[in-house]
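*Asks:* Sharing query-v2.pdb below, PDB, C-alpha atoms and all ligand atoms:
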```pdb
ATOM      1  CA  MET A1154      24.245 -58.513  10.195
ATOM      2  CA  PRO A1155      24.512 -58.964   6.407
ATOM      3  CA  PHE A1156      24.879 -62.573   5.319
ATOM      4  CA  LEU A1157      27.608 -61.964   2.738
ATOM      5  CA  GLN A1158      29.717 -58.861   2.770
ATOM      6  CA  PHE A1159      32.531 -57.749   0.472
ATOM      7  CA  LYS A1160      34.395 -54.838   2.022
ATOM      8  CA  ASN A1161      36.626 -52.924  -0.328
ATOM      9  CA  VAL A1162      37.902 -56.092  -1.996
ATOM     10  CA  ASP A1163      40.769 -56.145  -4.486
ATOM     11  CA  PHE A1164      41.828 -59.377  -6.089
ATOM     12  CA  SER A1165      44.420 -60.218  -8.731
ATOM     13  CA  TYR A1166      45.670 -63.419 -10.294
ATOM     14  CA  PRO A1167      49.372 -63.956 -10.805
ATOM     15  CA  SER A1168      50.316 -63.932 -14.461
ATOM     16  CA  GLY A1169      53.813 -64.753 -15.610
ATOM     17  CA  GLU A1170      56.900 -63.916 -13.530
ATOM     18  CA  ASP A1171      56.040 -60.714 -11.684
ATOM     19  CA  ASP A1172      52.940 -59.723 -13.537
ATOM     20  CA  TYR A1173      49.345 -59.988 -12.440
ATOM     21  CA  ILE A1174      45.809 -59.558 -13.751
ATOM     22  CA  GLN A1175      43.569 -57.570 -11.493
ATOM     23  CA  ALA A1176      40.112 -59.150 -11.499
ATOM     24  CA  LEU A1177      38.303 -57.088  -8.837
ATOM     25  CA  TYR A1178      38.763 -53.476  -7.767
ATOM     26  CA  SER A1179      37.435 -52.098  -4.452
ATOM     27  CA  VAL A1180      34.318 -54.226  -4.490
ATOM     28  CA  ASP A1181      31.846 -53.291  -1.756
ATOM     29  CA  LEU A1182      28.755 -55.454  -1.786
ATOM     30  CA  THR A1183      26.338 -56.673   0.836
ATOM     31  CA  ILE A1184      23.852 -59.489   0.404
ATOM     32  CA  GLU A1185      21.140 -60.040   2.982
ATOM     33  CA  ARG A1186      19.409 -63.304   3.821
ATOM     34  CA  GLY A1187      16.502 -64.118   1.515
ATOM     35  CA  GLU A1188      17.613 -61.882  -1.355
ATOM     36  CA  PHE A1189      17.509 -62.996  -4.993
ATOM     37  CA  VAL A1190      20.366 -61.162  -6.687
ATOM     38  CA  ALA A1191      21.424 -61.392 -10.328
ATOM     39  CA  LEU A1192      25.132 -60.710 -10.849
ATOM     40  CA  VAL A1193      25.704 -59.754 -14.461
ATOM     41  CA  GLY A1194      28.671 -58.626 -16.502
ATOM     42  CA  CYS A1195      30.610 -59.408 -19.658
ATOM     43  CA  ASN A1196      33.130 -62.185 -19.982
ATOM     44  CA  GLY A1197      36.100 -61.436 -17.769
ATOM     45  CA  SER A1198      34.276 -58.862 -15.632
ATOM     46  CA  GLY A1199      35.096 -60.793 -12.441
ATOM     47  CA  LYS A1200      31.890 -62.741 -11.756
ATOM     48  CA  SER A1201      33.491 -66.146 -11.146
ATOM     49  CA  THR A1202      36.206 -64.486  -9.084
ATOM     50  CA  PHE A1203      33.440 -63.030  -6.933
ATOM     51  CA  ALA A1204      31.974 -66.542  -6.502
ATOM     52  CA  ARG A1205      35.367 -68.036  -5.545
ATOM     53  CA  LEU A1206      36.009 -65.265  -3.024
ATOM     54  CA  SER A1207      32.555 -65.742  -1.496
ATOM     55  CA  ASN A1208      33.276 -69.209  -0.182
ATOM     56  CA  GLY A1209      36.941 -68.658   0.599
ATOM     57  CA  LEU A1210      38.294 -70.599  -2.378
ATOM     58  CA  LEU A1211      40.263 -67.405  -3.016
ATOM     59  CA  LEU A1212      41.240 -64.744  -0.492
ATOM     60  CA  PRO A1213      41.289 -60.998  -1.214
ATOM     61  CA  ASP A1214      44.551 -59.093  -1.693
ATOM     62  CA  ARG A1215      42.985 -56.193   0.128
ATOM     63  CA  GLY A1216      39.747 -55.774   2.053
ATOM     64  CA  ASP A1217      37.679 -58.531   3.594
ATOM     65  CA  VAL A1218      34.964 -61.024   2.687
ATOM     66  CA  CYS A1219      32.647 -61.979   5.542
ATOM     67  CA  VAL A1220      30.037 -64.726   5.632
ATOM     68  CA  ASP A1221      27.551 -64.513   8.470
ATOM     69  CA  GLY A1222      30.020 -62.324  10.358
ATOM     70  CA  CYS A1223      33.097 -64.565   9.852
ATOM     71  CA  SER A1224      35.983 -63.552   7.617
ATOM     72  CA  THR A1225      37.006 -66.037   4.916
ATOM     73  CA  ALA A1226      40.581 -65.204   5.968
ATOM     74  CA  ASP A1227      39.883 -66.972   9.269
ATOM     75  CA  LYS A1228      40.973 -70.544   8.482
ATOM     76  CA  SER A1229      39.023 -71.969  11.407
ATOM     77  CA  ALA A1230      35.777 -70.571   9.930
ATOM     78  CA  LEU A1231      36.251 -71.956   6.411
ATOM     79  CA  TYR A1232      34.552 -75.319   6.958
ATOM     80  CA  GLU A1233      31.400 -73.618   8.248
ATOM     81  CA  ILE A1234      31.558 -71.004   5.483
ATOM     82  CA  ARG A1235      31.696 -73.685   2.777
ATOM     83  CA  LYS A1236      28.624 -75.341   4.292
ATOM     84  CA  LYS A1237      26.772 -72.040   4.260
ATOM     85  CA  ILE A1238      27.535 -71.167   0.633
ATOM     86  CA  GLY A1239      26.822 -73.663  -2.110
ATOM     87  CA  VAL A1240      28.041 -73.090  -5.665
ATOM     88  CA  VAL A1241      26.567 -74.592  -8.828
ATOM     89  CA  PHE A1242      28.845 -74.371 -11.854
ATOM     90  CA  GLN A1243      28.305 -74.117 -15.565
ATOM     91  CA  ASN A1244      28.952 -77.560 -16.936
ATOM     92  CA  PRO A1245      26.359 -80.105 -15.820
ATOM     93  CA  ASP A1246      28.535 -83.001 -16.992
ATOM     94  CA  ASN A1247      31.404 -82.096 -14.680
ATOM     95  CA  GLN A1248      29.260 -81.981 -11.578
ATOM     96  CA  MET A1249      28.051 -85.548 -11.213
ATOM     97  CA  VAL A1250      30.517 -87.746  -9.375
ATOM     98  CA  THR A1251      28.549 -91.007  -9.210
ATOM     99  CA  THR A1252      26.438 -92.955 -11.691
ATOM    100  CA  ILE A1253      23.099 -92.772  -9.859
ATOM    101  CA  VAL A1254      21.205 -89.568  -9.203
ATOM    102  CA  GLU A1255      20.428 -90.174  -5.519
ATOM    103  CA  ASP A1256      23.991 -91.280  -4.745
ATOM    104  CA  ASP A1257      25.199 -88.090  -6.284
ATOM    105  CA  VAL A1258      22.897 -85.941  -4.190
ATOM    106  CA  ALA A1259      23.989 -87.918  -1.094
ATOM    107  CA  PHE A1260      27.654 -87.200  -1.759
ATOM    108  CA  GLY A1261      27.736 -83.857   0.091
ATOM    109  CA  PRO A1262      25.826 -84.973   3.213
ATOM    110  CA  GLU A1263      27.929 -88.162   3.351
ATOM    111  CA  ASN A1264      31.045 -86.021   3.433
ATOM    112  CA  LEU A1265      29.545 -84.095   6.332
ATOM    113  CA  GLY A1266      29.449 -87.417   8.214
ATOM    114  CA  LEU A1267      25.686 -87.342   8.778
ATOM    115  CA  ALA A1268      23.662 -90.352   9.940
ATOM    116  CA  PRO A1269      22.112 -92.476   7.127
ATOM    117  CA  ALA A1270      18.536 -91.533   8.085
ATOM    118  CA  GLU A1271      19.377 -87.833   7.963
ATOM    119  CA  ILE A1272      21.116 -88.306   4.610
ATOM    120  CA  ARG A1273      18.054 -90.113   3.208
ATOM    121  CA  GLU A1274      15.789 -87.321   4.396
ATOM    122  CA  ARG A1275      17.985 -84.611   2.882
ATOM    123  CA  VAL A1276      18.322 -86.425  -0.445
ATOM    124  CA  ASP A1277      14.553 -86.890  -0.744
ATOM    125  CA  TRP A1278      13.899 -83.283   0.229
ATOM    126  CA  ALA A1279      16.523 -81.939  -2.198
ATOM    127  CA  LEU A1280      15.224 -84.060  -5.088
ATOM    128  CA  ASP A1281      11.675 -82.892  -4.315
ATOM    129  CA  CYS A1282      12.816 -79.272  -4.318
ATOM    130  CA  VAL A1283      14.154 -79.591  -7.858
ATOM    131  CA  GLY A1284      11.357 -81.880  -9.082
ATOM    132  CA  MET A1285      13.679 -84.833  -9.746
ATOM    133  CA  ARG A1286      12.479 -87.392  -7.171
ATOM    134  CA  GLU A1287      11.184 -89.746  -9.853
ATOM    135  CA  TYR A1288      14.691 -89.921 -11.341
ATOM    136  CA  ALA A1289      16.328 -90.862  -8.011
ATOM    137  CA  THR A1290      17.610 -94.194  -9.281
ATOM    138  CA  SER A1291      18.379 -93.099 -12.851
ATOM    139  CA  GLY A1292      21.814 -92.705 -14.350
ATOM    140  CA  PRO A1293      22.956 -89.285 -15.594
ATOM    141  CA  GLN A1294      23.170 -90.481 -19.195
ATOM    142  CA  ARG A1295      19.359 -90.590 -19.334
ATOM    143  CA  LEU A1296      18.989 -86.972 -18.236
ATOM    144  CA  SER A1297      18.740 -83.776 -20.261
ATOM    145  CA  GLY A1298      21.099 -80.879 -19.537
ATOM    146  CA  GLY A1299      18.416 -79.070 -17.539
ATOM    147  CA  GLN A1300      17.720 -82.207 -15.490
ATOM    148  CA  LYS A1301      21.432 -82.679 -14.788
ATOM    149  CA  GLN A1302      21.696 -79.116 -13.543
ATOM    150  CA  ARG A1303      18.670 -79.690 -11.319
ATOM    151  CA  VAL A1304      20.468 -82.717  -9.869
ATOM    152  CA  ALA A1305      23.571 -80.567  -9.330
ATOM    153  CA  ILE A1306      21.379 -78.022  -7.526
ATOM    154  CA  ALA A1307      19.909 -80.833  -5.399
ATOM    155  CA  GLY A1308      23.439 -81.945  -4.514
ATOM    156  CA  VAL A1309      24.219 -78.456  -3.265
ATOM    157  CA  LEU A1310      20.859 -78.174  -1.481
ATOM    158  CA  ALA A1311      21.473 -81.422   0.401
ATOM    159  CA  ILE A1312      24.274 -79.656   2.254
ATOM    160  CA  ARG A1313      21.621 -77.156   3.382
ATOM    161  CA  PRO A1314      23.489 -73.998   2.439
ATOM    162  CA  GLU A1315      22.006 -70.623   3.287
ATOM    163  CA  LEU A1316      23.183 -68.996   0.088
ATOM    164  CA  MET A1317      23.338 -70.571  -3.331
ATOM    165  CA  ILE A1318      25.532 -69.082  -6.033
ATOM    166  CA  LEU A1319      24.799 -70.272  -9.554
ATOM    167  CA  ASP A1320      27.801 -69.415 -11.711
ATOM    168  CA  GLU A1321      26.400 -69.330 -15.256
ATOM    169  CA  ALA A1322      24.612 -72.549 -14.326
ATOM    170  CA  THR A1323      22.267 -72.156 -17.276
ATOM    171  CA  GLY A1324      25.045 -71.220 -19.720
ATOM    172  CA  MET A1325      25.233 -74.584 -21.452
ATOM    173  CA  LEU A1326      21.519 -75.352 -21.463
ATOM    174  CA  ASP A1327      18.928 -75.036 -24.205
ATOM    175  CA  PRO A1328      15.996 -72.644 -23.595
ATOM    176  CA  ASP A1329      13.861 -75.395 -22.011
ATOM    177  CA  GLY A1330      16.685 -76.380 -19.665
ATOM    178  CA  ARG A1331      17.250 -72.757 -18.739
ATOM    179  CA  ARG A1332      13.586 -72.276 -17.960
ATOM    180  CA  GLU A1333      13.540 -75.435 -15.794
ATOM    181  CA  VAL A1334      16.520 -74.255 -13.782
ATOM    182  CA  MET A1335      15.163 -70.713 -13.409
ATOM    183  CA  GLU A1336      11.824 -72.035 -12.173
ATOM    184  CA  VAL A1337      13.571 -74.189  -9.582
ATOM    185  CA  VAL A1338      15.752 -71.307  -8.415
ATOM    186  CA  ALA A1339      12.843 -68.853  -8.159
ATOM    187  CA  ARG A1340      10.827 -71.424  -6.206
ATOM    188  CA  LEU A1341      13.724 -72.106  -3.821
ATOM    189  CA  ASN A1342      14.050 -68.406  -3.116
ATOM    190  CA  GLU A1343      10.329 -67.942  -2.601
ATOM    191  CA  LYS A1344       9.290 -71.131  -0.828
ATOM    192  CA  GLU A1345      12.474 -72.186   0.989
ATOM    193  CA  ASN A1346      13.705 -68.628   1.583
ATOM    194  CA  MET A1347      17.027 -69.574  -0.017
ATOM    195  CA  THR A1348      19.332 -66.621  -0.622
ATOM    196  CA  VAL A1349      20.344 -66.731  -4.291
ATOM    197  CA  VAL A1350      23.091 -65.104  -6.349
ATOM    198  CA  MET A1351      22.397 -65.909  -9.974
ATOM    199  CA  ILE A1352      25.442 -65.176 -12.124
ATOM    200  CA  THR A1353      24.232 -64.929 -15.672
ATOM    201  CA  HIS A1354      24.655 -63.163 -18.960
ATOM    202  CA  PHE A1355      21.066 -63.880 -19.995
ATOM    203  CA  MET A1356      19.280 -60.634 -19.263
ATOM    204  CA  GLU A1357      15.877 -62.334 -19.237
ATOM    205  CA  GLU A1358      17.137 -64.271 -16.206
ATOM    206  CA  ALA A1359      18.474 -61.160 -14.518
ATOM    207  CA  ALA A1360      15.033 -59.576 -14.909
ATOM    208  CA  VAL A1361      13.551 -62.291 -12.682
ATOM    209  CA  ALA A1362      15.760 -61.316  -9.721
ATOM    210  CA  ASP A1363      14.790 -58.714  -7.130
ATOM    211  CA  ARG A1364      18.132 -56.989  -7.346
ATOM    212  CA  ILE A1365      20.678 -56.642 -10.141
ATOM    213  CA  VAL A1366      24.381 -56.026  -9.636
ATOM    214  CA  ILE A1367      26.405 -55.131 -12.727
ATOM    215  CA  LEU A1368      30.114 -55.868 -12.761
ATOM    216  CA  ASP A1369      32.186 -54.055 -15.340
ATOM    217  CA  LYS A1370      35.927 -54.724 -15.596
ATOM    218  CA  GLY A1371      36.142 -55.804 -11.979
ATOM    219  CA  LYS A1372      34.108 -52.949 -10.537
ATOM    220  CA  VAL A1373      30.522 -52.702  -9.383
ATOM    221  CA  ALA A1374      29.010 -50.463 -12.055
ATOM    222  CA  ALA A1375      25.417 -50.521 -10.787
ATOM    223  CA  ASP A1376      23.404 -52.116  -8.018
ATOM    224  CA  GLY A1377      19.666 -51.760  -7.719
ATOM    225  CA  GLY A1378      16.190 -53.203  -8.125
ATOM    226  CA  LYS A1379      14.233 -53.776 -11.333
ATOM    227  CA  GLU A1380      14.101 -49.986 -11.767
ATOM    228  CA  LEU A1381      17.657 -50.298 -13.157
ATOM    229  CA  PHE A1382      16.021 -51.371 -16.418
ATOM    230  CA  LEU A1383      14.579 -47.861 -16.702
ATOM    231  CA  THR A1384      18.139 -46.606 -17.227
ATOM    232  CA  PRO A1385      19.310 -48.890 -20.051
ATOM    233  CA  ASP A1386      22.647 -47.065 -20.306
ATOM    234  CA  VAL A1387      23.956 -48.775 -17.182
ATOM    235  CA  PHE A1388      23.643 -52.097 -19.028
ATOM    236  CA  THR A1389      24.823 -51.051 -22.450
ATOM    237  CA  SER A1390      27.869 -49.198 -21.125
ATOM    238  CA  ALA A1391      28.920 -52.418 -19.352
ATOM    239  CA  GLY A1392      28.616 -54.202 -22.711
ATOM    240  CA  LEU A1393      25.375 -55.959 -21.806
ATOM    241  CA  ASP A1394      22.187 -56.427 -23.777
ATOM    242  CA  LEU A1395      18.799 -55.513 -22.417
ATOM    243  CA  PRO A1396      16.037 -58.045 -21.891
ATOM    244  CA  MET A1397      14.029 -58.382 -25.097
ATOM    245  CA  PRO A1398      10.810 -56.913 -23.555
ATOM    246  CA  VAL A1399      12.785 -53.832 -22.446
ATOM    247  CA  ARG A1400      14.176 -53.385 -25.973
ATOM    248  CA  VAL A1401      10.714 -53.725 -27.499
ATOM    249  CA  SER A1402       9.062 -51.292 -25.072
ATOM    250  CA  GLY A1403      11.928 -48.846 -25.672
ATOM    251  CA  ALA A1404      11.405 -49.053 -29.441
ATOM    252  CA  LEU A1405       7.657 -48.495 -28.970
ATOM    253  CA  LYS A1406       8.307 -45.516 -26.746
ATOM    254  CA  ASN A1407      10.465 -43.981 -29.483
ATOM    255  CA  ARG A1408       7.390 -44.188 -31.696
ATOM    256  CA  GLY A1409       5.280 -42.415 -29.086
ATOM    257  CA  ILE A1410       3.707 -45.554 -27.628
ATOM    258  CA  ASP A1411       4.392 -45.748 -23.925
ATOM    259  CA  ILE A1412       3.589 -49.131 -22.395
ATOM    260  CA  GLY A1413       5.843 -48.740 -19.347
ATOM    261  CA  CYS A1414       8.769 -51.094 -18.775
ATOM    262  CA  PRO A1415       7.648 -54.722 -18.945
ATOM    263  CA  LEU A1416      10.426 -57.172 -17.983
ATOM    264  CA  THR A1417       9.002 -60.478 -19.128
ATOM    265  CA  VAL A1418       7.359 -61.549 -22.369
ATOM    266  CA  GLU A1419       4.101 -62.067 -20.459
ATOM    267  CA  GLU A1420       4.220 -58.538 -19.054
ATOM    268  CA  LEU A1421       5.071 -57.153 -22.486
ATOM    269  CA  VAL A1422       2.123 -58.852 -24.141
ATOM    270  CA  ALA A1423      -0.220 -57.824 -21.322
ATOM    271  CA  ALA A1424       0.948 -54.181 -21.399
ATOM    272  CA  TYR A1425       0.654 -53.963 -25.169
ATOM    273  CA  CYS A1426      -2.796 -55.575 -25.222
ATOM    274  CA  LYS A1427      -3.988 -53.206 -22.510
ATOM    275  CA  ARG A1428      -2.742 -50.302 -24.564
ATOM    276  CA  LEU A1429      -4.506 -51.601 -27.704
ATOM    277  CA  SER A1430      -7.769 -52.162 -25.901
ATOM    278  CA  GLY A1431      -8.291 -48.636 -24.739
ATOM    279  CA  GLY A1432      -5.055 -47.463 -23.202
ATOM    280  CA  GLY A1433      -5.804 -44.627 -25.645
ATOM    281  CA  GLY A1434      -3.613 -42.717 -28.066
ATOM    282  CA  GLU A1435      -1.992 -43.691 -31.280
ATOM    283  CA  ALA A1436      -1.600 -47.428 -30.622
TER
HETATM  284  P1  LIG B   1      33.906 -63.778 -15.495
HETATM  285  O1  LIG B   1      33.482 -64.924 -14.635
HETATM  286  O2  LIG B   1      33.072 -62.551 -15.317
HETATM  287  O3  LIG B   1      34.032 -64.146 -16.932
HETATM  288  P2  LIG B   1      36.469 -64.079 -14.147
HETATM  289  O4  LIG B   1      36.234 -63.804 -12.714
HETATM  290  O5  LIG B   1      36.577 -65.499 -14.575
HETATM  291  O6  LIG B   1      35.368 -63.308 -15.018
HETATM  292  O7  LIG B   1      37.800 -63.354 -14.620
HETATM  293  C1  LIG B   1      38.134 -62.024 -14.268
HETATM  294  C2  LIG B   1      39.520 -61.714 -14.815
HETATM  295  O8  LIG B   1      40.475 -62.564 -14.181
HETATM  296  C3  LIG B   1      39.670 -61.967 -16.310
HETATM  297  O9  LIG B   1      40.551 -60.995 -16.813
HETATM  298  C4  LIG B   1      40.295 -63.326 -16.389
HETATM  299  O10 LIG B   1      41.084 -63.466 -17.536
HETATM  300  C5  LIG B   1      41.156 -63.364 -15.134
HETATM  301  N1  LIG B   1      41.288 -64.705 -14.590
HETATM  302  C6  LIG B   1      40.258 -65.501 -14.185
HETATM  303  N2  LIG B   1      40.720 -66.682 -13.701
HETATM  304  C7  LIG B   1      42.073 -66.619 -13.809
HETATM  305  C8  LIG B   1      43.134 -67.513 -13.470
HETATM  306  N3  LIG B   1      42.896 -68.702 -12.912
HETATM  307  N4  LIG B   1      44.399 -67.104 -13.727
HETATM  308  C9  LIG B   1      44.660 -65.898 -14.281
HETATM  309  N5  LIG B   1      43.705 -65.015 -14.606
HETATM  310  C10 LIG B   1      42.433 -65.357 -14.384
HETATM  311 MG    MG B   2      32.803 -66.851 -15.096
END
```
Give the structure from this file in structure tokens form.

*Replies:*
Amino acid sequence: MPFLQFKNVDFSYPSGEDDYIQALYSVDLTIERGEFVALVGCNGSGKSTFARLSNGLLLPDRGDVCVDGCSTADKSALYEIRKKIGVVFQNPDNQMVTTIVEDDVAFGPENLGLAPAEIRERVDWALDCVGMREYATSGPQRLSGGQKQRVAIAGVLAIRPELMILDEATGMLDPDGRREVMEVVARLNEKENMTVVMITHFMEEAAVADRIVILDKGKVAADGGKELFLTPDVFTSAGLDLPMPVRVSGALKNRGIDIGCPLTVEELVAAYCKRLSGGGGEA
């Protein structure tokens, strides 16, 4: 059974008297346990709407959203669904509710009514997962943006969700903060087998995922593995950039130098060096 399933989902927001804005059109999408999916698309393509439908914050106009086999339209399943899907939002400053890091991470488990020893264990584990244990008793004002987002991730982790959706969670961070958050997310997926949906417009982040889903004007325009980067048109026609290494290798290819399709700067450098040191030809 897929963990998260969108079946033919339409969704629109009311706008004015009898008008509406359709945000999603016939979205069919299945996410299995353990996947690391990047959901990309321009502003207004429906990414946040997808996130809100995933945990039943919004309900579809047509079609169905199922989490672990339960429809979000089933009110009696919503509490369990919200425990299974954790969402991290964009603004790190809006996500801390207390003035001490560990209290903040404890907020979710406390609301679940867990015993103090269990809460302590979860808080310590979650802070370890994001590498923030040493800041347990710090106040948020002493933290960088990347550290605050790691605390927000720990707060979600402490609820022990099975799927984590990061809705442009790196959008307000500097490059160092973005890297910190990406490292944490990749580690969670790999080591803790956390299912991850990374909503992002940074293509370098999308290239880290195992699967990329492109939303374009409320529709799924493409869905595939890293091989999607071999067909750049699917990105550019949805108004998206390509990861820098893909642009560089494309430009080299146009000059007759084929180094394949590296997705990270490290891969790009390695592929180019290999080519220079005897890959042959005109390079
Ligand atoms: P994204 O996250 O990809 O930027 P959204 O899911 O936020 O896209 O928005 C999809 C569409 O729905 C856009 O046209 C947007 O203007 C509209 N929309 C989003 N939220 C609301 C809302 N609360 N009320 C009315 N329209 C909305
Ligand atoms: Mg959004």

*Asks:* Let me have all residues with an atom within 8 Å of ligand MG 2 (chain B), counting all atoms listed in the file, laid out as a list in words.

*Replies:*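 Every residue with an atom at most 8 Å from ligand MG 2 (chain B) is listed here: Asn1196, Gly1197, Gly1199, Lys1200, Ser1201, Thr1202, Asp1320 and Glu1321 of chain A.
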
*Asks:* Mind telling me what the PyMOL selection byres (((chain A and resi 1364-1378) around 6) and not hetatm) catches here, as a list in words?

*Replies:*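 So the PyMOL selection byres (((chain A and resi 1364-1378) around 6) and not hetatm), applied here, picks out Ala1176, Leu1177, Tyr1178, Val1190, Ala1191, Leu1192, Val1193, Gly1194, Ser1198, Gly1199, Ala1362, Asp1363, Lys1379, Glu1380, Leu1381 and Ala1391 of chain A.
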
*Asks:* Enter the distance from CA of Phe1164 in chain A to atom O3 of ligand LIG 1 (chain B), in Å, rounded to one decimal.

*Replies:*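 Pair CA of Phe1164 in chain A / atom O3 of ligand LIG 1 (chain B) returns 14.2 Å.
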
*Asks:* One number please: CA of Val1162 in chain A to CA of Pro1213 in chain A, in Å, one decimal.

*Replies:*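 Distance reported for this atom pair: 6.0 Å.
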
*Asks:* Can you work out which one of A:Phe1242, A:Leu1310, A:Arg1400, A:Glu1333 has the shortest atom-to-atom distance to Ile1352 in chain A, counting all atoms listed in the file?

*Replies:* A:Phe1242

*Asks:* Counting all atoms listed in the file, figure out which residue out of A:Pro1245, A:Gly1324, A:Pro1385, A:Pro1396 gets nearest to ligand LIG 1 (chain B).

*Replies:*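 Ranked by minimum distance to ligand LIG 1 (chain B), first place goes to A:Gly1324.
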
*Asks:* Rank nothing, just name the residue among A:Glu1336, A:Asp1163, A:Asp1394, A:Asp1171 nearest to Arg1215 in chain A, using all atoms listed in the file.

*Replies:*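 Of the candidates, the smallest distance to Arg1215 in chain A is held by A:Asp1163.
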
*Asks:* Would you translate the PyMOL selection byres (((chain A and resi 1265-1274) around 12) and not hetatm) into the concrete set of residues it matches in this file, as an MDAnalysis selection string?

*Replies:* chainID A and resid 1232:1233 1235:1236 1255:1264 1275:1281 1289 1308 1310:1313

*Asks:* Report the residues retrieved by the PyMOL selection byres (((chain A and resi 1161) around 7) and not hetatm) from the displayed file, expressed as JSON, numbers by chain.

*Replies:* {"A": [1159, 1160, 1162, 1163, 1179, 1180, 1181, 1216, 1217]}

*Asks:* Name the closest residue to Ile1184 in chain A among the candidates A:Val1241, A:Val1349, A:Leu1206, A:Leu1319; distances are taken between atoms, counting all atoms listed in the file.

*Replies:*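 Of the candidates, the smallest distance to Ile1184 in chain A is held by A:Val1349.
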
*Asks:* Enclose range 1367-1386 of chain A, meaning all of its atoms listed in the file, in a box aligned along x, y and z, pad it by 4 Å on each side, and list the centre and edge lengths in Å to one decimal, as lines of an AutoDock Vina configuration file.

*Replies:*
```
center_x = 25.1
center_y = -51.2
center_z = -14.0
size_x = 30.0
size_y = 17.3
size_z = 20.6
```

*Asks:* Let me make sure I understand: among A:Leu1316, A:Ile1174, A:Met1356, A:Leu1210, which one has the smallest atom-to-atom distance to ligand LIG 1 (chain B) if we use only C-alpha atoms and all ligand atoms?

*Replies:*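 Result for the nearest residue to ligand LIG 1 (chain B): A:Ile1174.
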
*Asks:* Just to confirm, what's the straight-line distance from CA of Ala1339 in chain A to CA of Asn1247 in chain A in Å (one decimal)?

*Replies:*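 Taking CA of Ala1339 in chain A as the start and CA of Asn1247 in chain A as the end point, the length is 23.7 Å.
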
*Asks:* Smallest atom-to-atom distance to ligand LIG 1 (chain B): which of A:His1354, A:Arg1331, A:Lys1406, A:Lys1427, using only C-alpha atoms and all ligand atoms?

*Replies:*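 Ranked by minimum distance to ligand LIG 1 (chain B), first place goes to A:His1354.
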
*Asks:* Do you know which residues are at most 6 Å from Pro1314 in chain A counting all atoms listed in the file, after dropping those on the same chain fewer than 3 positions away, and could you put them as a PyMOL selection string?

*Replies:* chain A and resi 1236-1239

*Asks:* Name all residues at most 7 Å from Glu1185 in chain A (count only C-alpha atoms; drop same-chain ones fewer than 4 positions away) and give them as a ChimeraX atom specification.

*Replies:* /A:1155-1157

*Asks:* Take the residues from that selection and put them in a file with C-alpha atoms, as a PDB file, in the frame of the given file.

*Replies:*
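Result went into out_16.pdb, see below:
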```
ATOM      1  CA  PRO A1155      24.512 -58.964   6.407  1.00  0.00           C
ATOM      2  CA  PHE A1156      24.879 -62.573   5.319  1.00  0.00           C
ATOM      3  CA  LEU A1157      27.608 -61.964   2.738  1.00  0.00           C
TER       4      LEU A1157
END
```

*Asks:* So that I can check the surroundings of Gly1299 in chain A, please list as a compact mmCIF listing (two decimals) with C-alpha atoms, in the frame of the given file every protein, DNA and RNA residue that reaches within 10 Å of it, counting only C-alpha atoms and ignoring chain neighbours fewer than 2 positions away.

*Replies:*
```
# COMPACT_ATOMS: atom_id res chain seq x y z
CA PRO A 1245 26.36 -80.10 -15.82
CA LEU A 1296 18.99 -86.97 -18.24
CA SER A 1297 18.74 -83.78 -20.26
CA LYS A 1301 21.43 -82.68 -14.79
CA GLN A 1302 21.70 -79.12 -13.54
CA ARG A 1303 18.67 -79.69 -11.32
CA VAL A 1304 20.47 -82.72 -9.87
CA ALA A 1305 23.57 -80.57 -9.33
CA ALA A 1322 24.61 -72.55 -14.33
CA THR A 1323 22.27 -72.16 -17.28
CA MET A 1325 25.23 -74.58 -21.45
CA LEU A 1326 21.52 -75.35 -21.46
CA ASP A 1327 18.93 -75.04 -24.20
CA PRO A 1328 16.00 -72.64 -23.60
CA ASP A 1329 13.86 -75.40 -22.01
CA GLY A 1330 16.68 -76.38 -19.66
CA ARG A 1331 17.25 -72.76 -18.74
CA ARG A 1332 13.59 -72.28 -17.96
CA GLU A 1333 13.54 -75.44 -15.79
CA VAL A 1334 16.52 -74.26 -13.78
CA MET A 1335 15.16 -70.71 -13.41
```
